[in-house]
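Listing of entry.cif, mmCIF, C-alpha atoms and all ligand atoms
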```
data_model
loop_
_atom_site.label_atom_id
_atom_site.label_comp_id
_atom_site.auth_asym_id
_atom_site.auth_seq_id
_atom_site.Cartn_x
_atom_site.Cartn_y
_atom_site.Cartn_z
CA MET A 19 112.56 195.15 116.00
CA ALA A 20 111.55 192.00 114.17
CA ARG A 21 108.12 192.79 112.94
CA VAL A 22 107.06 191.01 109.74
CA VAL A 23 104.51 192.79 107.56
CA LEU A 24 102.82 191.23 104.57
CA ASP A 25 101.09 193.83 102.46
CA HIS A 26 98.65 192.56 99.80
CA VAL A 27 100.87 189.57 99.06
CA THR A 28 99.80 187.30 96.21
CA LYS A 29 101.43 184.19 94.74
CA ARG A 30 100.27 182.62 91.49
CA TYR A 31 101.49 179.41 89.92
CA GLY A 32 99.97 179.60 86.43
CA ASP A 33 96.22 179.50 87.05
CA VAL A 34 96.55 178.50 90.72
CA VAL A 35 96.36 181.38 93.19
CA ALA A 36 98.21 179.85 96.14
CA VAL A 37 98.11 183.03 98.26
CA ASN A 38 95.50 185.66 97.47
CA ASP A 39 96.00 189.27 98.58
CA LEU A 40 97.30 188.41 102.05
CA SER A 41 97.80 191.33 104.43
CA LEU A 42 99.05 190.41 107.88
CA GLU A 43 101.27 191.96 110.51
CA ILE A 44 103.30 189.65 112.75
CA ARG A 45 104.40 191.66 115.74
CA ASP A 46 107.83 191.83 117.27
CA ARG A 47 108.35 188.77 119.53
CA GLU A 48 104.95 187.36 118.66
CA PHE A 49 104.22 183.65 118.21
CA LEU A 50 101.85 183.73 115.26
CA VAL A 51 100.33 180.50 113.97
CA LEU A 52 99.29 180.24 110.34
CA LEU A 53 96.51 177.64 110.33
CA GLY A 54 94.48 176.04 107.59
CA PRO A 55 93.72 172.82 105.73
CA SER A 56 96.09 171.17 103.29
CA GLY A 57 96.69 173.24 100.16
CA CYS A 58 95.42 176.55 101.59
CA GLY A 59 98.73 178.35 100.97
CA LYS A 60 100.44 178.25 104.39
CA SER A 61 103.81 176.95 103.20
CA THR A 62 103.75 179.26 100.20
CA ALA A 63 103.21 182.27 102.48
CA LEU A 64 106.05 181.14 104.76
CA ARG A 65 108.38 180.49 101.85
CA MET A 66 107.76 183.99 100.53
CA ILE A 67 108.71 185.45 103.94
CA ALA A 68 111.86 183.31 103.83
CA GLY A 69 112.68 184.48 100.31
CA LEU A 70 112.44 181.00 98.81
CA GLU A 71 109.60 182.08 96.49
CA ASP A 72 109.18 185.31 94.54
CA LEU A 73 105.99 187.30 95.02
CA SER A 74 103.48 187.70 92.19
CA GLY A 75 102.23 190.87 93.87
CA GLY A 76 102.51 192.87 97.08
CA GLN A 77 105.30 193.53 99.49
CA ILE A 78 106.95 191.92 102.52
CA ALA A 79 108.88 193.83 105.17
CA ILE A 80 110.98 192.39 107.99
CA GLY A 81 111.82 194.96 110.64
CA ASP A 82 111.81 198.26 108.79
CA ARG A 83 113.18 196.86 105.57
CA VAL A 84 111.26 195.77 102.48
CA VAL A 85 112.78 192.40 101.63
CA ASN A 86 111.18 191.59 98.26
CA ASP A 87 114.60 191.74 96.62
CA VAL A 88 116.72 190.62 99.58
CA GLU A 89 118.41 187.19 99.38
CA PRO A 90 117.18 184.59 101.92
CA LYS A 91 120.56 184.52 103.68
CA ASP A 92 120.42 188.29 104.25
CA ARG A 93 116.93 188.33 105.81
CA ASP A 94 117.97 187.50 109.42
CA ILE A 95 115.57 184.55 109.52
CA ALA A 96 115.91 180.84 110.16
CA MET A 97 113.52 178.26 108.79
CA VAL A 98 112.66 174.86 110.26
CA PHE A 99 110.96 172.41 107.93
CA GLN A 100 108.91 169.30 108.54
CA SER A 101 111.61 167.21 106.85
CA TYR A 102 114.49 168.48 108.91
CA ALA A 103 117.21 167.06 106.65
CA LEU A 104 120.20 166.72 108.94
CA TYR A 105 123.55 165.81 107.39
CA PRO A 106 123.84 162.06 108.14
CA HIS A 107 127.65 161.93 108.08
CA MET A 108 128.06 164.82 110.54
CA THR A 109 127.78 164.63 114.31
CA VAL A 110 125.05 166.52 116.16
CA ALA A 111 127.61 169.21 117.05
CA ARG A 112 128.69 169.63 113.42
CA ASN A 113 125.08 169.75 112.25
CA ILE A 114 124.28 172.51 114.73
CA GLU A 115 127.48 174.34 113.82
CA PHE A 116 126.82 174.20 110.08
CA PRO A 117 125.04 177.57 109.64
CA LEU A 118 127.86 179.28 111.56
CA ARG A 119 130.54 177.73 109.34
CA SER A 120 128.76 178.63 106.15
CA ARG A 121 128.55 182.19 107.44
CA LYS A 122 132.25 182.17 108.25
CA VAL A 123 131.83 182.79 111.98
CA PRO A 124 135.35 182.45 113.53
CA GLU A 125 136.06 179.05 115.05
CA ASN A 126 136.59 180.29 118.63
CA GLU A 127 133.10 181.84 118.63
CA ARG A 128 131.41 178.77 117.16
CA GLY A 129 132.04 176.36 120.04
CA PRO A 130 130.26 178.36 122.75
CA LEU A 131 127.31 179.13 120.42
CA VAL A 132 126.87 175.42 119.62
CA GLU A 133 127.00 174.53 123.31
CA GLU A 134 124.45 177.17 124.17
CA ALA A 135 122.02 176.04 121.48
CA ALA A 136 122.49 172.38 122.45
CA ARG A 137 121.83 173.21 126.09
CA ALA A 138 118.66 175.13 125.21
CA LEU A 139 117.29 171.99 123.55
CA GLY A 140 118.60 169.37 125.99
CA LEU A 141 121.14 167.96 123.52
CA SER A 142 124.36 168.51 125.48
CA ASP A 143 124.91 164.78 126.02
CA LEU A 144 124.30 163.87 122.39
CA LEU A 145 126.74 166.16 120.63
CA ASP A 146 129.03 163.35 119.39
CA ARG A 147 126.28 161.15 117.97
CA LYS A 148 125.29 160.91 114.32
CA PRO A 149 121.64 161.54 113.31
CA ALA A 150 121.05 157.81 112.71
CA GLN A 151 121.75 157.21 116.42
CA LEU A 152 118.96 159.57 117.54
CA SER A 153 115.22 159.22 118.04
CA GLY A 154 112.83 161.22 115.88
CA GLY A 155 112.23 163.73 118.64
CA GLN A 156 115.95 164.19 119.23
CA ARG A 157 116.53 164.76 115.50
CA GLN A 158 113.80 167.36 115.51
CA ARG A 159 115.51 169.11 118.39
CA VAL A 160 118.82 169.11 116.50
CA ALA A 161 117.04 170.83 113.61
CA LEU A 162 115.71 173.43 116.04
CA ALA A 163 119.14 173.91 117.62
CA ARG A 164 120.61 174.43 114.16
CA ALA A 165 117.96 177.11 113.56
CA ILE A 166 118.53 179.01 116.81
CA VAL A 167 122.34 178.87 116.81
CA ARG A 168 122.65 181.99 114.66
CA LYS A 169 120.21 183.92 116.87
CA PRO A 170 118.10 185.22 114.01
CA SER A 171 115.33 187.63 114.90
CA VAL A 172 112.59 185.68 113.06
CA PHE A 173 111.91 181.95 113.04
CA LEU A 174 109.80 180.40 110.32
CA MET A 175 108.55 176.91 111.18
CA ASP A 176 106.64 174.72 108.75
CA GLU A 177 104.87 171.87 110.59
CA PRO A 178 108.04 171.07 112.57
CA LEU A 179 106.30 168.55 114.83
CA SER A 180 104.40 166.53 112.25
CA ASN A 181 106.92 163.68 112.12
CA LEU A 182 106.66 163.05 115.85
CA ASP A 183 104.30 160.62 117.54
CA ALA A 184 101.37 162.01 119.52
CA LYS A 185 103.04 161.94 122.94
CA LEU A 186 106.29 163.49 121.75
CA ARG A 187 104.34 166.15 119.89
CA VAL A 188 102.66 167.32 123.07
CA GLN A 189 105.98 167.41 124.90
CA THR A 190 107.87 169.19 122.12
CA ARG A 191 104.98 171.64 121.76
CA ALA A 192 105.51 172.80 125.35
CA GLU A 193 109.28 172.95 124.81
CA LEU A 194 108.85 175.14 121.75
CA ILE A 195 106.61 177.57 123.63
CA GLU A 196 109.24 177.87 126.38
CA LEU A 197 112.01 178.24 123.83
CA GLN A 198 110.23 181.10 122.08
CA ARG A 199 109.79 182.93 125.39
CA ARG A 200 113.42 182.42 126.31
CA LEU A 201 114.76 183.55 122.92
CA ASP A 202 112.38 186.51 122.76
CA ALA A 203 112.10 185.86 119.04
CA THR A 204 109.35 186.40 116.51
CA VAL A 205 107.94 183.07 115.33
CA VAL A 206 105.70 182.31 112.37
CA TYR A 207 104.52 178.74 112.81
CA VAL A 208 102.60 176.83 110.15
CA THR A 209 100.27 173.96 111.03
CA HIS A 210 97.02 172.35 109.92
CA ASP A 211 96.45 171.12 113.48
CA GLN A 212 94.00 173.38 115.28
CA VAL A 213 94.98 172.04 118.71
CA GLU A 214 98.57 173.07 118.06
CA ALA A 215 97.35 176.49 116.93
CA MET A 216 95.10 176.97 119.97
CA THR A 217 97.79 175.96 122.45
CA MET A 218 100.85 177.62 120.93
CA GLY A 219 99.86 180.88 119.29
CA HIS A 220 99.59 184.35 120.76
CA ARG A 221 97.40 184.85 117.73
CA ILE A 222 96.12 182.54 115.01
CA ALA A 223 95.74 183.52 111.35
CA ILE A 224 93.34 181.14 109.58
CA MET A 225 93.53 180.64 105.83
CA SER A 226 91.31 178.87 103.34
CA ASP A 227 92.01 178.62 99.60
CA GLY A 228 94.77 181.21 99.78
CA VAL A 229 92.53 183.75 101.52
CA LEU A 230 92.93 184.96 105.11
CA GLN A 231 89.70 184.28 107.03
CA GLN A 232 90.36 185.68 110.50
CA VAL A 233 93.22 186.75 112.77
CA GLY A 234 93.01 186.89 116.54
CA PRO A 235 93.98 185.40 119.89
CA PRO A 236 92.94 181.72 120.13
CA GLN A 237 90.11 182.32 122.59
CA ASP A 238 88.62 185.14 120.50
CA VAL A 239 88.66 183.04 117.38
CA TYR A 240 87.06 180.17 119.30
CA GLU A 241 84.36 182.33 120.84
CA ARG A 242 83.65 184.61 117.90
CA PRO A 243 84.46 182.89 114.61
CA ALA A 244 84.10 185.37 111.74
CA ASN A 245 82.50 182.87 109.39
CA LEU A 246 81.34 179.28 109.02
CA PHE A 247 84.71 178.10 107.76
CA VAL A 248 86.45 179.24 110.95
CA ALA A 249 83.56 178.00 113.11
CA ARG A 250 83.88 174.50 111.69
CA PHE A 251 87.68 174.42 111.56
CA ILE A 252 88.43 175.44 115.17
CA GLY A 253 87.34 173.11 117.95
CA ALA A 254 87.28 169.32 118.30
CA PRO A 255 84.62 168.10 117.91
CA PRO A 256 83.75 171.06 115.68
CA MET A 257 80.96 173.55 116.24
CA ASN A 258 77.52 172.20 115.32
CA THR A 259 76.00 174.13 112.44
CA ILE A 260 72.24 173.75 112.12
CA THR A 261 70.43 175.17 109.11
CA GLY A 262 66.98 176.70 109.64
CA THR A 263 64.88 179.81 109.18
CA ILE A 264 64.22 182.69 111.55
CA ALA A 265 60.72 183.48 112.76
CA SER A 266 59.48 185.99 115.31
CA GLU A 267 57.68 184.69 118.34
CA GLY A 268 56.11 187.00 120.92
CA GLY A 269 58.58 189.86 120.50
CA SER A 270 61.69 187.70 120.31
CA HIS A 271 63.11 185.46 117.61
CA ILE A 272 63.45 181.74 117.15
CA LEU A 273 65.25 179.45 114.74
CA VAL A 274 62.86 176.96 113.19
CA THR A 275 64.34 173.73 111.94
CA ALA A 276 63.50 170.06 111.61
CA GLY A 277 61.84 168.77 114.75
CA GLY A 278 61.46 172.01 116.64
CA ALA A 279 62.74 175.48 117.35
CA ILE A 280 65.51 177.15 119.34
CA ALA A 281 64.99 180.46 121.15
CA LEU A 282 67.52 183.09 120.14
CA PRO A 283 69.02 185.27 122.87
CA SER A 284 68.79 189.05 122.84
CA GLU A 285 72.46 189.37 121.80
CA VAL A 286 71.59 188.11 118.34
CA SER A 287 68.10 189.64 118.11
CA GLY A 288 69.25 192.56 115.92
CA ALA A 289 70.79 190.18 113.44
CA ALA A 290 67.79 187.86 113.72
CA ARG A 291 65.33 190.66 112.98
CA ASN A 292 67.14 191.50 109.75
CA ALA A 293 67.22 187.84 108.77
CA THR A 294 63.58 186.99 109.58
CA GLY A 295 62.22 184.52 107.03
CA LEU A 296 65.69 183.84 105.61
CA GLU A 297 67.75 180.69 105.77
CA VAL A 298 70.51 180.96 108.35
CA VAL A 299 72.95 178.65 110.07
CA LEU A 300 72.92 178.46 113.83
CA GLY A 301 76.30 177.61 115.32
CA VAL A 302 76.49 175.96 118.73
CA ARG A 303 79.50 174.26 120.26
CA PRO A 304 79.04 170.68 121.54
CA GLU A 305 79.57 171.81 125.15
CA HIS A 306 76.54 174.12 124.85
CA VAL A 307 74.00 171.48 123.81
CA ARG A 308 71.97 169.60 126.45
CA ILE A 309 70.14 166.32 126.11
CA LEU A 310 66.60 166.29 127.55
CA PRO A 311 64.22 163.32 127.83
CA HIS A 312 62.04 162.81 124.74
CA ASP A 313 58.90 163.72 126.72
CA SER A 314 60.37 166.97 128.07
CA GLU A 315 57.82 169.80 127.98
CA THR A 316 60.45 172.41 127.18
CA GLN A 317 59.06 174.70 124.51
CA PHE A 318 62.29 175.31 122.61
CA ALA A 319 64.13 172.11 121.83
CA LEU A 320 64.75 169.86 118.84
CA ASP A 321 63.58 166.27 118.49
CA ALA A 322 66.50 163.98 117.75
CA THR A 323 67.71 160.39 117.89
CA VAL A 324 70.92 159.29 119.55
CA ALA A 325 73.03 157.80 116.76
CA VAL A 326 76.43 157.02 118.27
CA ILE A 327 78.17 157.62 121.60
CA GLU A 328 81.94 158.09 121.63
CA SER A 329 83.57 157.70 125.03
CA LEU A 330 86.90 159.43 125.57
CA GLY A 331 87.41 158.51 129.20
CA HIS A 332 87.13 162.01 130.68
CA GLU A 333 84.12 162.98 128.56
CA ARG A 334 81.79 161.59 125.93
CA HIS A 335 80.53 162.84 122.58
CA VAL A 336 76.93 161.97 121.84
CA VAL A 337 76.22 162.15 118.11
CA CYS A 338 72.52 162.88 117.50
CA ARG A 339 70.50 163.00 114.30
CA LEU A 340 67.71 165.52 113.71
CA ALA A 341 64.58 164.63 111.72
CA ASP A 342 66.11 166.01 108.51
CA GLU A 343 69.35 164.04 108.96
CA GLN A 344 71.41 167.01 110.22
CA MET A 345 73.88 165.78 112.86
CA VAL A 346 74.42 167.47 116.23
CA ILE A 347 77.23 166.50 118.59
CA VAL A 348 76.74 166.90 122.34
CA ARG A 349 79.75 166.98 124.65
CA GLN A 350 78.98 165.49 128.07
CA THR A 351 80.97 164.95 131.23
CA VAL A 352 81.07 161.32 132.35
CA GLU A 353 79.04 162.28 135.44
CA THR A 354 76.05 163.09 133.21
CA GLN A 355 73.64 160.21 132.74
CA ARG A 356 74.55 158.29 129.62
CA PRO A 357 71.76 158.20 127.02
CA LEU A 358 71.05 155.01 125.08
CA GLU A 359 71.97 154.65 121.44
CA GLY A 360 68.94 154.57 119.15
CA THR A 361 66.60 156.34 121.59
CA ALA A 362 64.60 159.52 121.04
CA VAL A 363 65.70 162.64 122.93
CA ARG A 364 65.25 166.39 122.76
CA LEU A 365 68.14 168.83 122.41
CA SER A 366 68.28 172.30 123.92
CA ALA A 367 71.00 174.90 123.47
CA ASP A 368 72.50 177.27 126.05
CA PRO A 369 71.65 180.80 124.95
CA VAL A 370 75.20 182.01 125.71
CA GLY A 371 76.78 179.77 123.14
CA LEU A 372 74.78 180.64 120.05
CA HIS A 373 76.17 182.10 116.82
CA LEU A 374 74.27 183.11 113.70
CA PHE A 375 75.71 182.86 110.20
CA ASP A 376 74.35 183.82 106.80
CA ALA A 377 73.61 180.54 105.00
CA ALA A 378 74.53 182.03 101.62
CA THR A 379 77.79 183.86 102.43
CA GLY A 380 78.85 181.98 105.58
CA LEU A 381 79.53 185.31 107.31
CA ARG A 382 78.73 185.83 110.96
CA LEU A 383 75.43 187.71 111.29
CA ASP A 384 75.50 188.74 114.94
CA ALA A 385 78.41 191.10 114.38
CA PRO A 386 77.20 193.94 112.17
CA ASP A 387 80.72 195.28 111.85
CA PRO A 388 82.74 192.07 111.98
CA GLN A 389 86.06 192.76 113.57
CA LEU A 390 88.07 190.52 111.36
CA VAL A 391 91.44 191.39 112.84
CA GLY A 392 91.46 190.93 116.61
CA ASP A 393 94.01 192.35 118.97
CA GLY A 394 96.41 190.23 120.96
CA GLU A 395 96.32 192.26 124.14
N1 LIG B 1 105.58 174.98 92.78
C1 LIG B 1 104.25 174.94 92.64
N2 LIG B 1 103.67 174.89 91.41
C2 LIG B 1 102.33 174.87 91.27
N3 LIG B 1 101.45 174.88 92.29
C3 LIG B 1 101.96 174.94 93.52
C4 LIG B 1 103.37 174.96 93.77
N4 LIG B 1 103.56 175.01 95.11
C5 LIG B 1 102.33 175.00 95.67
N5 LIG B 1 101.36 174.96 94.72
C6 LIG B 1 99.92 174.98 94.96
O1 LIG B 1 99.61 176.11 95.77
C7 LIG B 1 98.61 175.78 96.73
C8 LIG B 1 99.13 176.06 98.13
O2 LIG B 1 100.18 175.18 98.44
P1 LIG B 1 100.93 175.17 99.85
O3 LIG B 1 102.06 174.23 99.75
O4 LIG B 1 101.24 176.57 100.22
O5 LIG B 1 99.79 174.61 100.80
P2 LIG B 1 99.85 174.27 102.37
O6 LIG B 1 98.79 175.09 103.00
O7 LIG B 1 101.22 174.43 102.87
O8 LIG B 1 99.38 172.75 102.40
P3 LIG B 1 99.92 171.50 103.32
O9 LIG B 1 99.22 171.62 104.63
O10 LIG B 1 99.44 170.32 102.54
O11 LIG B 1 101.40 171.59 103.42
C9 LIG B 1 98.26 174.32 96.47
O12 LIG B 1 97.11 174.27 95.67
C10 LIG B 1 99.46 173.78 95.73
O13 LIG B 1 99.09 172.72 94.89
MG MG B 2 102.64 173.05 103.64
#
```

Hey, can you dump this file as structure tokens for me?
Amino acid sequence: MARVVLDHVTKRYGDVVAVNDLSLEIRDREFLVLLGPSGCGKSTALRMIAGLEDLSGGQIAIGDRVVNDVEPKDRDIAMVFQSYALYPHMTVARNIEFPLRSRKVPENERGPLVEEAARALGLSDLLDRKPAQLSGGQRQRVALARAIVRKPSVFLMDEPLSNLDAKLRVQTRAELIELQRRLDATVVYVTHDQVEAMTMGHRIAIMSDGVLQQVGPPQDVYERPANLFVARFIGAPPMNTITGTIASEGGSHILVTAGGAIALPSEVSGAARNATGLEVVLGVRPEHVRILPHDSETQFALDATVAVIESLGHERHVVCRLADEQMVIVRQTVETQRPLEGTAVRLSADPVGLHLFDAATGLRLDAPDPQLVGDGE
């Protein structure tokens, strides 16, 4: 069992609270991604699990053992850093073998373990080279092989792909997912890249300013962000967030904002009723906004101007500006008729894709009992 449990874990550096009361359970054999912007406390959290930082408060358990006072080398973990720091004077084989030597594994056992790890990462033909004779991606794989050679039950990875170019990143991403499945290991993976988090994690834990914001499977977090921070952080381009006030209109509710109103679906009507007259933020993903002609008679739509069109080949992002300068991004397939930059349009929103947030607290309104911690199954 290689469960990792963080129980009210806090880390302070003087006045800075790097990690603030973090409680999180990483399940046995789970691939959990710790996601958040620079400085939010991801590496600090990982380093505390590894035993490289002391805790200011709380408790960490690996398996059934509280490890607060256990030395890093006795925690049955391996850590892979962004700067993978291979020994330049040693061959690939010796680099991979290093953790076995320092743990005094007998020589006759070391050879087969090195070969197995090298094979798992496609390095069998490179064992005699020195790091300087490898590409960046190959070096990264040596660092991974060095981590897996001891067969620890938990892997801690801190942005291990960030030194790779975009193409190699995508390839290595897939290799890492396969590797985790093959090794049946528990992985805690730190990244600030939400695409990496969405594609790799069984669950994502999102942090901001040292505080955990939401935990759940990628699709759940995408479809039901717990607050505005998560809504804006997950998704590229990010979710549109339009500020307005709620009014009632013939038994249902609408959001009134610059240049028009949007009808709110029945799913959010309970939340809307409680927020009538208050300032709220409507969240709508770019794929759920439609562009209508400026003379469209549709009752619920917003007047806007097309500011910029970004073409990505397979789709385009139409950046529109509302009357009060709020920006709304519309994701279109290339088959859709391309609007003209600078022209007036109207924007409507699919009722299925609407989210309501409290403008003051940022919390999701259409979830009276917000289920902050989602289940992986
Ligand atoms: N040794 C230290 N002394 C003082 N402050 C520190 C120390 N280490 C980290 N911090 C602070 O703690 C906060 C969290 O840092 P951390 O390295 O965990 O962020 P991160 O989420 O990993 O960011 P990045 O994505 O940039 O790596 C930051 O504000 C950082 O400045
Ligand atoms: Mg970091």

Can I get the residues of chain A within 10 Å of ligand LIG 1 (chain B), each with the closest pair of atoms and their distance in Å to one decimal, using only C-alpha atoms and all ligand atoms, sorted chain first then ascending number, as a tab-separated table?
```
residue	atom	partner	partner_atom	distance
A:Lys29	CA	B:LIG1	O1	8.3
A:Arg30	CA	B:LIG1	O1	7.8
A:Tyr31	CA	B:LIG1	C2	4.8
A:Gly32	CA	B:LIG1	C2	7.2
A:Asp33	CA	B:LIG1	N3	8.7
A:Val34	CA	B:LIG1	N3	6.3
A:Val35	CA	B:LIG1	O1	6.7
A:Ala36	CA	B:LIG1	O1	4.0
A:Val37	CA	B:LIG1	C8	7.0
A:Leu52	CA	B:LIG1	O6	9.0
A:Leu53	CA	B:LIG1	O6	8.1
A:Gly54	CA	B:LIG1	O6	6.4
A:Pro55	CA	B:LIG1	O9	5.7
A:Ser56	CA	B:LIG1	O9	3.4
A:Gly57	CA	B:LIG1	O5	3.4
A:Cys58	CA	B:LIG1	O6	3.9
A:Gly59	CA	B:LIG1	O4	3.2
A:Lys60	CA	B:LIG1	O6	3.8
A:Ser61	CA	B:LIG1	O7	3.6
A:Thr62	CA	B:LIG1	O4	3.7
A:Ala63	CA	B:LIG1	O4	6.4
A:Leu64	CA	B:LIG1	O4	8.0
A:Arg65	CA	B:LIG1	O4	8.3
A:Met66	CA	B:LIG1	O4	9.9
A:Glu71	CA	B:LIG1	N1	9.0
A:Gln100	CA	B:LIG1	O11	9.4
A:Asp176	CA	B:LIG1	O7	8.0
A:Glu177	CA	B:LIG1	O11	8.0
A:Val208	CA	B:LIG1	O7	7.8
A:Thr209	CA	B:LIG1	O9	6.9
A:His210	CA	B:LIG1	O9	5.8
A:Asp211	CA	B:LIG1	O9	9.3
A:Met225	CA	B:LIG1	O6	8.2
A:Ser226	CA	B:LIG1	O6	8.4
A:Asp227	CA	B:LIG1	C8	7.7
A:Gly228	CA	B:LIG1	C8	6.9
```

Measuring atom to atom with only C-alpha atoms and all ligand atoms, identify which of A:Gly371, A:Pro178, A:Pro255, A:Pro243 is nearest to ligand MG 2 (chain B).
A:Pro178

Can you pull out every residue within 12 Å of Leu144 in chain A, counting all atoms listed in the file, but drop anything in the same chain fewer than 5 positions away, and send it as JSON, numbers by chain?
{"A": [109, 110, 111, 112, 113, 114, 133, 136, 137, 139, 149, 150, 151, 152, 153, 156, 157, 159, 160]}

Point out the residue among A:Thr316, A:Met175, A:Ala96, A:Gly81 with the least atom-to-atom distance to ligand MG 2 (chain B), counting only C-alpha atoms and all ligand atoms.
A:Met175

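Note that the spacing between CA of Ile78 in chain A and CA of Val23 in chain A amounts to 5.7 Å.
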
Show me, as lines of an AutoDock Vina configuration file, the centre and edge lengths in Å to one decimal of the axis-aligned box that covers every listed atom of range 240-255 of chain A with 5 Å on each side.
```
center_x = 84.9
center_y = 176.7
center_z = 114.3
size_x = 17.1
size_y = 27.3
size_z = 23.1
```

Could I get range 184-202 of chain A from the block written as an mmCIF file, in the first residue's frame, with C-alpha atoms?
```cif
data_model
loop_
_atom_site.group_PDB
_atom_site.id
_atom_site.type_symbol
_atom_site.label_atom_id
_atom_site.label_comp_id
_atom_site.auth_asym_id
_atom_site.auth_seq_id
_atom_site.Cartn_x
_atom_site.Cartn_y
_atom_site.Cartn_z
ATOM 1 C CA ALA A 184 7.047 21.232 -27.126
ATOM 2 C CA LYS A 185 7.116 18.149 -29.358
ATOM 3 C CA LEU A 186 9.270 16.087 -27.017
ATOM 4 C CA ARG A 187 7.085 17.114 -24.099
ATOM 5 C CA VAL A 188 4.003 15.636 -25.731
ATOM 6 C CA GLN A 189 5.860 12.420 -26.528
ATOM 7 C CA THR A 190 7.432 12.062 -23.085
ATOM 8 C CA ARG A 191 4.070 12.853 -21.488
ATOM 9 C CA ALA A 192 2.556 9.768 -23.121
ATOM 10 C CA GLU A 193 5.604 7.684 -22.159
ATOM 11 C CA LEU A 194 5.272 8.729 -18.529
ATOM 12 C CA ILE A 195 1.601 7.764 -18.439
ATOM 13 C CA GLU A 196 2.462 4.322 -19.818
ATOM 14 C CA LEU A 197 5.359 3.961 -17.408
ATOM 15 C CA GLN A 198 3.161 4.718 -14.404
ATOM 16 C CA ARG A 199 0.659 2.070 -15.507
ATOM 17 C CA ARG A 200 3.391 -0.487 -16.045
ATOM 18 C CA LEU A 201 5.098 0.183 -12.705
ATOM 19 C CA ASP A 202 1.797 0.284 -10.816
#
```
